[in-house]
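Asks: One file is attached below, run.cif, containing mmCIF, C-alpha atoms.
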```cif
data_coords
loop_
_atom_site.label_atom_id
_atom_site.label_comp_id
_atom_site.auth_asym_id
_atom_site.auth_seq_id
_atom_site.Cartn_x
_atom_site.Cartn_y
_atom_site.Cartn_z
CA MET S 234 0.00 0.00 0.00
CA THR S 235 1.17 3.53 -0.73
CA ASP S 236 3.11 5.23 2.05
CA THR S 237 0.99 8.22 3.02
CA THR S 238 3.94 10.07 4.50
CA SER S 239 5.69 10.16 1.15
CA THR S 240 5.67 13.41 -0.78
CA ASP S 241 4.27 11.64 -3.83
CA ALA S 242 1.37 9.98 -1.98
CA PHE S 243 -2.05 10.95 -3.31
CA ASP S 244 -5.77 10.32 -3.15
CA ALA S 245 -7.91 10.11 -6.27
CA ILE S 246 -11.36 11.37 -7.18
CA VAL S 247 -12.94 10.07 -10.40
CA LEU S 248 -15.98 11.94 -11.70
CA ALA S 249 -18.34 9.38 -13.21
CA GLY S 250 -21.63 11.27 -13.16
CA GLY S 251 -23.06 13.57 -15.78
CA ARG S 252 -25.87 13.09 -18.23
CA ALA S 253 -23.83 12.15 -21.36
CA GLN S 254 -26.26 14.15 -23.49
CA ARG S 255 -24.12 13.91 -26.63
CA LEU S 256 -24.18 10.12 -26.21
CA GLY S 257 -27.93 9.98 -25.88
CA GLY S 258 -27.87 9.66 -22.11
CA VAL S 259 -26.15 6.25 -21.99
CA ASP S 260 -23.99 5.18 -19.07
CA LYS S 261 -20.77 6.62 -20.50
CA PRO S 262 -18.36 5.26 -17.84
CA GLY S 263 -19.78 1.80 -18.54
CA LEU S 264 -19.02 1.91 -22.27
CA SER S 265 -16.44 -0.63 -23.37
CA VAL S 266 -13.20 0.20 -25.20
CA GLY S 267 -10.83 -2.67 -25.79
CA GLY S 268 -12.98 -5.08 -23.81
CA ARG S 269 -12.89 -2.98 -20.63
CA THR S 270 -15.14 -0.18 -19.43
CA LEU S 271 -13.94 3.39 -19.58
CA LEU S 272 -14.23 3.63 -15.81
CA ASP S 273 -12.09 0.53 -15.23
CA ARG S 274 -9.44 1.86 -17.58
CA VAL S 275 -9.26 5.11 -15.61
CA LEU S 276 -9.19 3.28 -12.30
CA ALA S 277 -6.24 1.24 -13.53
CA ALA S 278 -4.33 4.45 -14.27
CA CYS S 279 -4.75 5.67 -10.68
CA ARG S 280 -4.13 2.36 -8.95
CA GLY S 281 -1.32 4.00 -6.96
CA ALA S 282 -3.78 6.14 -5.00
CA ARG S 283 -4.11 5.46 -1.29
CA ARG S 284 -7.86 5.98 -1.53
CA THR S 285 -10.05 6.32 -4.61
CA VAL S 286 -13.51 7.90 -4.53
CA VAL S 287 -15.78 7.58 -7.56
CA VAL S 288 -18.54 10.18 -7.71
CA GLY S 289 -21.62 8.97 -9.55
CA GLY S 290 -24.07 6.12 -9.68
CA ARG S 291 -22.79 2.83 -8.32
CA ARG S 292 -21.75 0.19 -10.83
CA GLY S 293 -19.51 -2.84 -10.93
CA THR S 294 -15.76 -2.14 -11.02
CA GLU S 295 -12.71 -4.37 -11.27
CA ARG S 296 -11.01 -2.84 -8.24
CA PRO S 297 -12.61 -1.72 -4.97
CA VAL S 298 -13.46 1.96 -4.66
CA VAL S 299 -15.43 4.25 -2.36
CA TRP S 300 -18.60 5.75 -3.79
CA ALA S 301 -20.04 9.23 -3.37
CA GLN S 302 -22.87 11.19 -4.98
CA GLU S 303 -23.05 14.89 -5.68
CA ASN S 304 -26.08 16.84 -4.47
CA PRO S 305 -28.14 17.15 -6.53
CA PRO S 306 -27.17 14.25 -8.80
CA GLY S 307 -25.97 15.61 -12.11
CA GLY S 308 -25.01 18.89 -10.45
CA GLY S 309 -21.85 19.27 -12.50
CA PRO S 310 -18.10 18.83 -11.95
CA VAL S 311 -17.65 21.34 -9.11
CA ALA S 312 -20.45 19.80 -7.07
CA ALA S 313 -19.10 16.34 -7.83
CA LEU S 314 -15.60 17.35 -6.81
CA ASP S 315 -16.90 18.76 -3.55
CA ALA S 316 -18.72 15.48 -2.85
CA GLY S 317 -15.53 13.54 -3.57
CA LEU S 318 -13.45 15.69 -1.23
CA ARG S 319 -15.96 15.35 1.58
CA GLN S 320 -16.06 11.58 1.14
CA LEU S 321 -12.27 11.40 1.24
CA ALA S 322 -12.32 13.40 4.48
CA ARG S 323 -14.79 10.95 5.99
CA GLU S 324 -12.62 8.02 4.93
CA TRP S 325 -9.56 9.52 6.58
CA GLN S 326 -11.49 10.32 9.73
CA ARG S 327 -12.76 6.75 9.85
CA SER S 328 -9.25 5.45 9.31
CA ALA S 329 -7.93 7.57 12.18
CA ALA S 330 -10.65 6.26 14.49
CA ASP S 331 -10.03 2.66 13.44
CA THR S 332 -6.33 2.92 14.25
CA GLY S 333 -6.88 4.59 17.60
CA ARG S 334 -5.58 7.95 16.45
CA ALA S 335 -8.84 9.86 16.45
CA GLY S 336 -7.39 12.25 19.01
CA ASP S 337 -4.63 13.22 16.60
CA THR S 338 -7.22 14.68 14.23
CA ASP S 339 -8.47 17.13 16.84
CA ARG S 340 -6.80 20.05 15.10
CA VAL S 341 -9.57 22.22 13.69
CA ALA S 342 -8.49 23.70 10.37
CA ALA S 343 -10.30 26.97 11.08
CA GLY S 344 -8.17 27.51 14.15
CA SER S 345 -4.93 27.03 12.29
CA ARG S 346 -5.48 29.59 9.54
CA SER S 347 -6.05 33.31 9.53
CA GLU S 348 -8.89 34.98 7.68
CA GLY S 349 -6.45 36.15 5.03
CA ASP S 350 -5.20 32.62 4.55
CA VAL S 351 -8.72 31.34 4.05
CA ARG S 352 -9.56 34.09 1.60
CA GLY S 353 -6.51 33.19 -0.48
CA ARG S 354 -5.85 35.64 -3.31
CA SER S 355 -9.35 37.12 -3.22
CA GLY S 356 -8.07 40.21 -1.41
CA ALA S 357 -9.95 42.74 0.67
CA GLY S 358 -11.61 44.18 -2.43
CA SER S 359 -13.06 40.90 -3.57
CA GLU S 360 -16.82 40.53 -3.88
CA ARG S 361 -16.52 37.33 -1.93
CA SER S 362 -17.77 37.85 1.56
CA THR S 363 -15.45 37.83 4.54
CA ALA S 364 -17.94 35.43 6.04
CA ALA S 365 -16.65 32.87 3.53
CA ALA S 366 -13.74 32.33 5.90
CA GLY S 367 -15.89 30.19 8.16
CA ALA S 368 -17.30 28.16 5.31
CA ALA S 369 -13.85 27.67 3.81
CA ALA S 370 -12.49 26.53 7.14
CA GLU S 371 -15.30 24.02 7.51
CA ALA S 372 -14.77 22.72 3.98
CA GLY S 373 -11.03 22.69 4.59
CA ALA S 374 -11.78 20.18 7.31
CA GLY S 375 -14.04 18.46 4.78
CA GLY S 376 -16.92 18.40 7.23
CA ARG S 377 -14.68 16.72 9.81
CA ALA S 378 -14.38 17.44 13.51
CA GLY S 379 -10.73 18.22 12.86
CA GLY S 380 -8.15 18.84 10.15
CA GLN S 381 -5.95 16.45 8.23
CA GLU S 382 -4.95 13.15 9.71
CA PRO S 383 -1.19 12.97 10.23
CA GLY S 384 0.28 11.42 7.13
CA GLU S 385 -2.78 12.12 4.99
CA PRO S 386 -1.73 12.76 1.37
CA ARG S 387 -1.96 16.43 0.55
CA ASN S 388 -2.35 15.78 -3.19
CA VAL S 389 -5.64 14.86 -4.85
CA LEU S 390 -5.71 13.44 -8.35
CA VAL S 391 -8.88 14.45 -10.21
CA LEU S 392 -9.94 12.52 -13.31
CA SER S 393 -12.98 12.19 -15.51
CA ALA S 394 -14.19 8.64 -16.13
CA ASP S 395 -13.99 8.75 -19.93
CA LEU S 396 -10.23 8.64 -20.62
CA PRO S 397 -9.52 5.40 -22.53
CA PHE S 398 -5.80 6.00 -23.03
CA LEU S 399 -4.76 7.45 -19.69
CA ARG S 400 -1.92 5.41 -18.19
CA GLU S 401 -0.22 5.26 -14.82
CA PRO S 402 3.01 6.96 -16.07
CA THR S 403 1.00 10.09 -16.90
CA VAL S 404 -0.49 10.12 -13.41
CA GLN S 405 2.96 9.77 -11.87
CA GLY S 406 4.23 12.52 -14.17
CA LEU S 407 1.57 14.92 -12.89
CA ILE S 408 2.49 14.21 -9.28
CA ARG S 409 6.23 14.47 -9.87
CA THR S 410 5.72 17.77 -11.66
CA LEU S 411 3.70 19.18 -8.78
CA GLU S 412 6.28 18.07 -6.23
CA GLY S 413 9.03 19.51 -8.39
CA GLU S 414 7.29 22.88 -8.36
CA GLY S 415 7.74 23.08 -4.59
CA ASN S 416 5.16 24.66 -2.32
CA GLY S 417 4.35 27.51 -4.67
CA ARG S 418 1.98 25.65 -6.99
CA GLU S 419 -1.47 24.50 -6.03
CA GLY S 420 -1.83 21.93 -8.79
CA VAL S 421 -0.74 20.72 -12.22
CA LEU S 422 -3.02 20.28 -15.24
CA LEU S 423 -2.42 18.06 -18.24
CA THR S 424 -2.49 19.84 -21.60
CA ASP S 425 -3.61 18.14 -24.80
CA ALA S 426 -1.97 18.20 -28.23
CA THR S 427 -3.39 21.67 -28.95
CA GLY S 428 -2.21 23.09 -25.62
CA ARG S 429 -5.71 23.13 -24.16
CA GLU S 430 -5.81 22.62 -20.39
CA GLN S 431 -7.54 19.57 -18.98
CA PRO S 432 -8.76 20.33 -15.43
CA LEU S 433 -10.15 16.79 -15.14
CA VAL S 434 -6.74 15.26 -15.80
CA ALA S 435 -4.93 17.02 -13.01
CA VAL S 436 -3.50 16.81 -9.51
CA TYR S 437 -4.29 19.47 -6.90
CA ARG S 438 -3.22 20.36 -3.40
CA ALA S 439 -6.14 19.32 -1.22
CA GLU S 440 -6.40 22.34 1.03
CA PRO S 441 -6.44 25.06 -1.68
CA LEU S 442 -9.01 22.98 -3.55
CA ARG S 443 -11.30 22.79 -0.51
CA ARG S 444 -10.78 26.49 0.17
CA GLU S 445 -11.78 27.62 -3.32
CA ILE S 446 -14.80 25.32 -3.47
CA ALA S 447 -16.04 26.74 -0.17
CA LEU S 448 -15.59 30.28 -1.48
CA LEU S 449 -17.53 29.42 -4.65
CA ALA S 450 -20.36 27.96 -2.55
CA THR S 451 -20.53 31.15 -0.51
CA GLU S 452 -20.38 33.44 -3.52
CA TYR S 453 -22.92 31.60 -5.71
CA GLY S 454 -25.06 30.02 -3.03
CA SER S 455 -24.76 26.60 -4.66
CA LEU S 456 -22.14 24.59 -6.52
CA SER S 457 -24.66 23.02 -8.86
CA GLY S 458 -24.09 23.90 -12.50
CA LEU S 459 -20.88 25.88 -11.91
CA SER S 460 -18.10 25.67 -14.48
CA LEU S 461 -14.89 24.02 -13.39
CA ARG S 462 -13.00 26.98 -14.87
CA LEU S 463 -14.38 29.15 -12.07
CA LEU S 464 -12.51 26.91 -9.67
CA THR S 465 -9.25 26.41 -11.53
CA GLY S 466 -9.06 30.10 -12.40
CA GLU S 467 -8.49 30.87 -8.71
CA LEU S 468 -5.64 28.38 -8.28
CA ASP S 469 -1.96 28.75 -9.07
CA LEU S 470 -1.46 25.86 -11.46
CA GLY S 471 1.37 24.38 -13.46
CA ARG S 472 1.02 22.53 -16.77
CA LEU S 473 2.29 19.22 -18.10
CA ALA S 474 2.38 18.21 -21.76
CA ASP S 475 2.27 14.43 -22.17
CA GLU S 476 1.30 11.81 -24.73
CA PRO S 477 -1.43 13.35 -26.93
CA SER S 478 -3.71 10.37 -26.36
CA ALA S 479 -3.58 10.69 -22.57
CA ALA S 480 -6.10 13.56 -22.59
CA PHE S 481 -8.38 11.99 -25.24
CA ASP S 482 -11.90 11.73 -23.84
CA CYS S 483 -15.07 10.18 -25.18
CA ASP S 484 -17.82 12.78 -25.42
CA THR S 485 -19.52 11.56 -28.61
CA TRP S 486 -20.12 8.27 -30.39
CA GLU S 487 -17.51 9.37 -32.91
CA ASP S 488 -14.99 9.60 -30.05
CA VAL S 489 -15.92 6.13 -28.83
CA SER S 490 -15.56 4.69 -32.34
CA ALA S 491 -12.19 6.41 -32.78
CA ALA S 492 -10.94 4.99 -29.48
CA ARG S 493 -12.07 1.49 -30.38
CA ALA S 494 -10.37 1.75 -33.77
CA ARG S 495 -7.13 3.15 -32.40
CA ILE S 496 -6.42 0.27 -30.04
CA ARG S 497 -6.50 -2.12 -33.00
CA GLU S 498 -4.08 -0.16 -35.16
CA HIS S 499 -0.85 -1.95 -35.99
CA GLY S 500 1.31 0.52 -34.13
CA HIS S 501 -0.76 0.35 -30.94
CA VAL S 502 -2.45 -3.02 -30.68
CA LEU S 503 0.31 -4.89 -28.82
CA ASP S 504 0.88 -2.13 -26.27
CA GLU S 505 -2.86 -1.73 -25.75
CA TRP S 506 -3.40 -5.46 -25.41
CA ILE S 507 -0.57 -5.91 -22.92
CA ALA S 508 -1.76 -2.94 -20.88
CA ALA S 509 -5.28 -4.38 -20.82
CA VAL S 510 -4.09 -7.84 -19.78
CA LYS S 511 -1.89 -6.42 -17.02
CA ASP S 512 -4.82 -4.41 -15.71
CA GLU S 513 -7.16 -7.40 -15.95
CA LEU S 514 -4.72 -9.63 -14.06
CA ASP S 515 -3.61 -6.87 -11.68
CA ILE S 516 0.03 -7.14 -12.74
CA GLU S 517 2.45 -4.26 -12.24
CA LEU S 518 5.34 -5.22 -14.49
CA ASP S 519 7.12 -3.73 -17.48
CA VAL S 520 6.96 -6.30 -20.27
CA ASP S 521 9.92 -6.79 -22.60
CA VAL S 522 7.78 -7.27 -25.69
CA SER S 523 10.70 -7.73 -28.09
CA GLY S 524 12.42 -10.25 -25.85
CA LEU S 525 9.32 -12.38 -25.37
CA LEU S 526 8.46 -12.26 -29.07
CA ASP S 527 12.00 -13.34 -29.94
CA LEU S 528 11.68 -16.23 -27.48
CA ALA S 529 8.35 -17.26 -28.98
CA ARG S 530 9.85 -17.12 -32.48
CA ASP S 531 12.85 -19.26 -31.48
CA ALA S 532 10.62 -21.82 -29.80
CA ALA S 533 8.25 -21.96 -32.77
CA HIS S 534 11.01 -22.29 -35.37
CA GLY S 535 13.45 -24.45 -33.43
CA VAL S 536 10.99 -26.79 -31.73
CA ALA S 537 7.38 -26.64 -32.95
CA ARG S 538 4.74 -23.97 -33.35
CA PRO S 539 2.79 -24.90 -30.20
CA ALA S 540 6.02 -24.50 -28.24
CA ALA S 541 5.79 -20.70 -28.57
CA PRO S 542 2.81 -20.01 -26.26
CA LEU S 543 3.71 -22.88 -23.95
CA THR S 544 7.28 -21.63 -23.52
CA THR S 545 6.27 -18.07 -22.76
CA PHE S 546 3.70 -19.37 -20.27
CA LEU S 547 6.38 -21.40 -18.49
CA VAL S 548 8.68 -18.38 -18.42
CA GLY S 549 5.96 -16.38 -16.73
CA TYR S 550 5.28 -19.19 -14.27
CA ALA S 551 8.97 -19.45 -13.41
CA ALA S 552 9.20 -15.69 -12.92
CA GLY S 553 6.17 -15.70 -10.64
CA ALA S 554 7.69 -18.47 -8.53
CA ALA S 555 11.05 -16.68 -8.23
CA ALA S 556 10.35 -14.88 -4.96
CA HIS S 557 8.48 -12.07 -6.75
CA ARG S 558 11.64 -10.66 -8.34
CA GLY S 559 9.53 -9.18 -11.11
CA GLU S 560 11.27 -7.96 -14.25
CA GLU S 561 14.63 -9.47 -13.25
CA ALA S 562 13.06 -12.91 -12.90
CA VAL S 563 11.30 -12.60 -16.28
CA ALA S 564 14.54 -11.58 -17.98
CA ALA S 565 16.48 -14.45 -16.39
CA ALA S 566 13.87 -17.04 -17.30
CA THR S 567 13.66 -15.67 -20.84
CA ARG S 568 17.44 -15.94 -21.31
CA LYS S 569 17.46 -19.54 -20.11
CA ALA S 570 14.56 -20.51 -22.36
CA GLU S 571 16.14 -18.77 -25.37
CA ALA S 572 19.40 -20.63 -24.83
CA LEU S 573 17.53 -23.93 -24.57
CA ALA S 574 15.58 -23.19 -27.78
CA ARG S 575 18.84 -22.43 -29.62
CA ARG S 576 20.45 -25.67 -28.40
CA TRP S 577 17.36 -27.58 -29.41
CA ALA S 578 17.45 -26.05 -32.88
CA GLU S 579 21.17 -26.71 -33.29
CA GLU S 580 20.65 -30.41 -32.63
CA ALA S 581 18.26 -30.52 -35.56
CA THR S 582 21.19 -29.74 -37.88
CA THR S 583 23.85 -31.92 -36.18
CA GLY S 584 24.17 -35.66 -35.71
CA THR S 585 24.67 -37.68 -32.58
CA ALA S 586 28.44 -37.27 -32.92
CA GLY S 587 28.05 -33.49 -33.03
CA GLN S 588 29.02 -33.21 -36.71
CA PRO S 589 26.88 -31.30 -39.19
CA ARG S 590 24.59 -33.47 -41.24
CA ARG S 591 24.78 -33.54 -44.99
CA ALA S 592 22.10 -31.29 -46.35
CA GLU S 593 20.56 -34.10 -48.34
CA SER S 594 20.44 -36.63 -45.50
CA ARG S 595 17.25 -37.60 -43.74
CA SER S 596 16.64 -38.78 -40.22
CA ALA S 597 17.00 -42.46 -39.44
CA ALA S 598 13.24 -42.76 -39.22
CA ASP S 599 12.96 -41.65 -42.85
CA GLN S 600 15.55 -44.12 -44.19
CA PRO S 601 14.24 -47.13 -46.14
CA VAL S 602 14.64 -50.47 -44.40
CA PRO S 603 17.36 -52.50 -46.18
CA GLY S 604 15.81 -54.96 -48.55
CA GLU S 605 12.51 -53.11 -48.73
CA GLY S 606 11.60 -50.85 -51.60
CA GLU S 607 14.09 -48.72 -53.50
CA ASP S 608 17.19 -47.08 -52.06
CA ASN S 609 16.67 -44.06 -54.36
CA GLY S 610 20.42 -44.07 -54.98
CA ARG S 611 21.20 -43.07 -51.38
CA GLY S 612 22.69 -46.36 -50.17
CA ALA S 613 23.37 -46.88 -46.49
CA PRO S 614 22.86 -44.02 -44.05
CA PRO S 615 25.98 -42.06 -43.11
CA ALA S 616 28.06 -43.13 -40.11
CA SER S 617 26.82 -40.22 -38.05
CA GLU S 618 23.31 -41.65 -38.21
CA SER S 619 24.28 -45.15 -37.11
CA GLY S 620 22.48 -46.55 -34.14
CA PRO S 621 24.00 -47.00 -30.69
CA GLY S 622 26.81 -49.57 -30.66
CA GLU S 623 27.16 -49.59 -34.44
CA THR S 624 30.42 -48.77 -36.18
CA GLY S 625 28.75 -47.11 -39.11
CA ALA S 626 30.23 -49.65 -41.55
CA ARG S 627 27.62 -52.09 -42.70
#
```
As structure tokens, how would this structure be written, given the file I've shared?

Replies:
Amino acid sequence: MTDTTSTDAFDAIVLAGGRAQRLGGVDKPGLSVGGRTLLDRVLAACRGARRTVVVGGRRGTERPVVWAQENPPGGGPVAALDAGLRQLAREWQRSAADTGRAGDTDRVAAGSRSEGDVRGRSGAGSERSTAAAGAAAEAGAGGRAGGQEPGEPRNVLVLSADLPFLREPTVQGLIRTLEGEGNGREGVLLTDATGREQPLVAVYRAEPLRREIALLATEYGSLSGLSLRLLTGELDLGRLADEPSAAFDCDTWEDVSAARARIREHGHVLDEWIAAVKDELDIELDVDVSGLLDLARDAAHGVARPAAPLTTFLVGYAAGAAAHRGEEAVAAATRKAEALARRWAEEATTGTAGQPRRAESRSAADQPVPGEGEDNGRGAPPASESGPGETGAR
């Protein structure tokens, strides 16, 4: 489990609500791309989170998550994000109580910050009421009796549930970028191929996020229907450019069709398939595709075609039994199997005495029995093919 005292520890909130109007109101997170739902693909990308809250209607998922619901349902991304943050706070409070550390959470966030701190960059001239300080402090505690649990991750990954090509390296890149920015930044957004910011593929500092949501609630009276840009516009955010496909989302049926077609393209299909299988089997391992394909080729050519899948299966089994040494064990088992396949193939072109066979010779099993049929001009088999105990001279 992730160490919550580490600077790169994080929680995750996945927004899986919405009405999917451009998709005719279907359950968008439940749509399948590459044999797996969009939601499951996103959950696989944030598997490193200490806690993951999914905001939206409950549905089956491949990995366990905590569920929350915005109020009212379908109230938009800001309301959903607020619901996710409050649910995370409840989970941490419950965790503190379960481990006998409930007393350690008795630090009320409102008492640890000044009014100016709560107001952030709004300034004295802002239209936001000074009374928002109390609401922000309450939201900063997430509705808790106290502030953050010691060791609670201060970073919150926020994702939409319709990102078919988001991968764990992108998530880690967002977090590393935020940590590399030091304490000055309040989050990092992913940017797509056109430079457009993606606030639902981002990591945020938890406390500034709670603060600004509370201020929006005070200013507008409700979070329902508010644009996410109202929230992100008040935060000091960095940007990260990553793989163009990482920010690809499925808003229309054309998007869904494009995603389903892309994973079957020649340049992507193997990577997509391996990523899907690893997620399905809950395997965290970098796969040496070239090495395993070379092994399969050697086994197929040097032994027999069915040897290819069987050999790679045995390599995987051996690696799994090797005290969980992961990639090192796979590489070692692959090298041994490759060497065996080469020796096996070499024996097909050498005789029992280790000498190369004549190109025209056949195996002993193919030789005609003396006295039966024609000798086809070949005569007796060469000495190297003589049976055990024979001199080779007949």

Asks: Written as a ChimeraX atom specification, what is the full residue list that the PyMOL selection byres ((chain S and resi 272) around 7) yields on the file shown?

Replies: /S:262-263,270-271,273-276,394-395

Asks: By how many Å are CA of Cys483 (chain S) and CA of Thr403 (chain S) apart?

Replies: 18.1 Å

Asks: CA of Ala566 (chain S) to CA of Glu517 (chain S): how many Å, to one decimal?

Replies: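 Interatomic distance here is 17.9 Å.
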
Asks: Once the PyMOL selection byres ((chain S and resi 432-437) around 7) is applied to the coordinates I shared, what remains selected? I want it as a ChimeraX atom specification.

Replies: /S:388-393,407-408,419-423,430-431,438-439,442

Asks: Considering only C-alpha atoms, state which residue in the set S:Glu571, S:Asp469, S:Glu580, S:Glu412 is at the smallest distance from Ala540 (chain S).

Replies: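 For Ala540 (chain S), the nearest of the given residues is S:Glu571.
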
Asks: Give me the residues within 12 Å of Lys261 (chain S) as a VMD selection string, counting only C-alpha atoms and dropping any in the same chain fewer than 5 places off.

Replies: chain S and resid 248 to 256 266 270 to 273 289 to 290 292 393 to 397 482 to 486 488 to 489

Asks: Could you list as a list in words every residue that has an atom within 12 Å of (0.7, -7.7, -11.9), using the file's coordinates and counting all atoms listed in the file?

Replies: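 Returned residue set, sorted by chain then number, is Ala277, Arg280, Ile507, Ala508, Ala509, Val510, Lys511, Asp512, Glu513, Leu514, Asp515, Ile516, Glu517, Leu518, Asp519, Val520, Gly549, Ala552, Gly553, His557, Arg558, Gly559 and Glu560 of chain S.
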
Asks: Grab the CA of Glu324 (chain S) to CA of Arg296 (chain S) distance for me, in Å with one decimal place.

Replies: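 Separation of CA of Glu324 (chain S) and CA of Arg296 (chain S): 17.1 Å.
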
Asks: Evaluate the PyMOL selection byres ((chain S and resi 300) around 10) and record the selected residues as an MDAnalysis selection string, following the chain and residue labels used in the document.

Replies: chainID S and resid 246:247 285:292 297:299 301:302 316:317 320:321

Asks: Within 10 Å of Ser460 (chain S), counting only C-alpha atoms, which residues show up once you throw out same-chain ones fewer than 3 positions away? Write them as a PyMOL selection string, please.

Replies: chain S and resi 309-312+456-457+463-465

Asks: Calculated over only C-alpha atoms, which of the candidates S:Thr545, S:Ser265, S:Asn304, S:Thr410 has the smallest distance to Leu470 (chain S)?

Replies: S:Thr410

Asks: Which one of S:Ile446, S:Leu411, S:Ala245, S:Leu399 sits closest to Asp315 (chain S) if you count all atoms listed in the file?

Replies: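 Between S:Ile446, S:Leu411, S:Ala245, S:Leu399, the residue approaching Asp315 (chain S) most closely is S:Ile446.
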
Asks: Got a sec to check which residues sit within 12 Å of (14.6, -15.1, -32.1), counting all atoms listed in the file, and write them as a CSV table (one decimal) with C-alpha atoms, in the coordinates of the input?

Replies:
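Just written: result_0.csv:
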```csv
chain,number,residue,atom,x,y,z
S,523,SER,CA,10.7,-7.7,-28.1
S,524,GLY,CA,12.4,-10.2,-25.8
S,525,LEU,CA,9.3,-12.4,-25.4
S,526,LEU,CA,8.5,-12.3,-29.1
S,527,ASP,CA,12.0,-13.3,-29.9
S,528,LEU,CA,11.7,-16.2,-27.5
S,529,ALA,CA,8.4,-17.3,-29.0
S,530,ARG,CA,9.8,-17.1,-32.5
S,531,ASP,CA,12.8,-19.3,-31.5
S,532,ALA,CA,10.6,-21.8,-29.8
S,533,ALA,CA,8.2,-22.0,-32.8
S,534,HIS,CA,11.0,-22.3,-35.4
S,535,GLY,CA,13.4,-24.4,-33.4
S,541,ALA,CA,5.8,-20.7,-28.6
S,567,THR,CA,13.7,-15.7,-20.8
S,568,ARG,CA,17.4,-15.9,-21.3
S,570,ALA,CA,14.6,-20.5,-22.4
S,571,GLU,CA,16.1,-18.8,-25.4
S,572,ALA,CA,19.4,-20.6,-24.8
S,573,LEU,CA,17.5,-23.9,-24.6
S,574,ALA,CA,15.6,-23.2,-27.8
S,575,ARG,CA,18.8,-22.4,-29.6
S,578,ALA,CA,17.4,-26.0,-32.9
```

Asks: Please complete region 285-289 of chain S with all heavy atoms and give it back as an mmCIF file, in the frame of the given file.

Replies:
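Result went into rebuild_4.cif, see below:
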```cif
data_model
loop_
_atom_site.group_PDB
_atom_site.id
_atom_site.type_symbol
_atom_site.label_atom_id
_atom_site.label_comp_id
_atom_site.auth_asym_id
_atom_site.auth_seq_id
_atom_site.Cartn_x
_atom_site.Cartn_y
_atom_site.Cartn_z
ATOM 1 N N THR S 285 -9.418 5.860 -3.365
ATOM 2 C CA THR S 285 -10.050 6.320 -4.610
ATOM 3 C C THR S 285 -11.541 6.451 -4.377
ATOM 4 O O THR S 285 -12.205 5.481 -3.969
ATOM 5 C CB THR S 285 -9.788 5.349 -5.763
ATOM 6 O OG1 THR S 285 -8.377 5.245 -5.989
ATOM 7 C CG2 THR S 285 -10.467 5.841 -7.037
ATOM 8 N N VAL S 286 -12.070 7.638 -4.621
ATOM 9 C CA VAL S 286 -13.510 7.900 -4.530
ATOM 10 C C VAL S 286 -14.045 8.105 -5.933
ATOM 11 O O VAL S 286 -13.495 8.905 -6.703
ATOM 12 C CB VAL S 286 -13.798 9.138 -3.657
ATOM 13 C CG1 VAL S 286 -15.277 9.514 -3.740
ATOM 14 C CG2 VAL S 286 -13.404 8.874 -2.211
ATOM 15 N N VAL S 287 -15.095 7.382 -6.278
ATOM 16 C CA VAL S 287 -15.780 7.580 -7.560
ATOM 17 C C VAL S 287 -17.102 8.271 -7.261
ATOM 18 O O VAL S 287 -17.903 7.790 -6.455
ATOM 19 C CB VAL S 287 -16.029 6.243 -8.276
ATOM 20 C CG1 VAL S 287 -16.769 6.483 -9.593
ATOM 21 C CG2 VAL S 287 -14.715 5.516 -8.536
ATOM 22 N N VAL S 288 -17.324 9.405 -7.917
ATOM 23 C CA VAL S 288 -18.540 10.180 -7.710
ATOM 24 C C VAL S 288 -19.494 9.887 -8.859
ATOM 25 O O VAL S 288 -19.189 10.160 -10.023
ATOM 26 C CB VAL S 288 -18.242 11.692 -7.635
ATOM 27 C CG1 VAL S 288 -19.518 12.469 -7.332
ATOM 28 C CG2 VAL S 288 -17.176 11.973 -6.576
ATOM 29 N N GLY S 289 -20.639 9.329 -8.529
ATOM 30 C CA GLY S 289 -21.620 8.970 -9.550
ATOM 31 C C GLY S 289 -22.410 7.769 -9.108
ATOM 32 O O GLY S 289 -22.248 7.267 -7.987
#
```
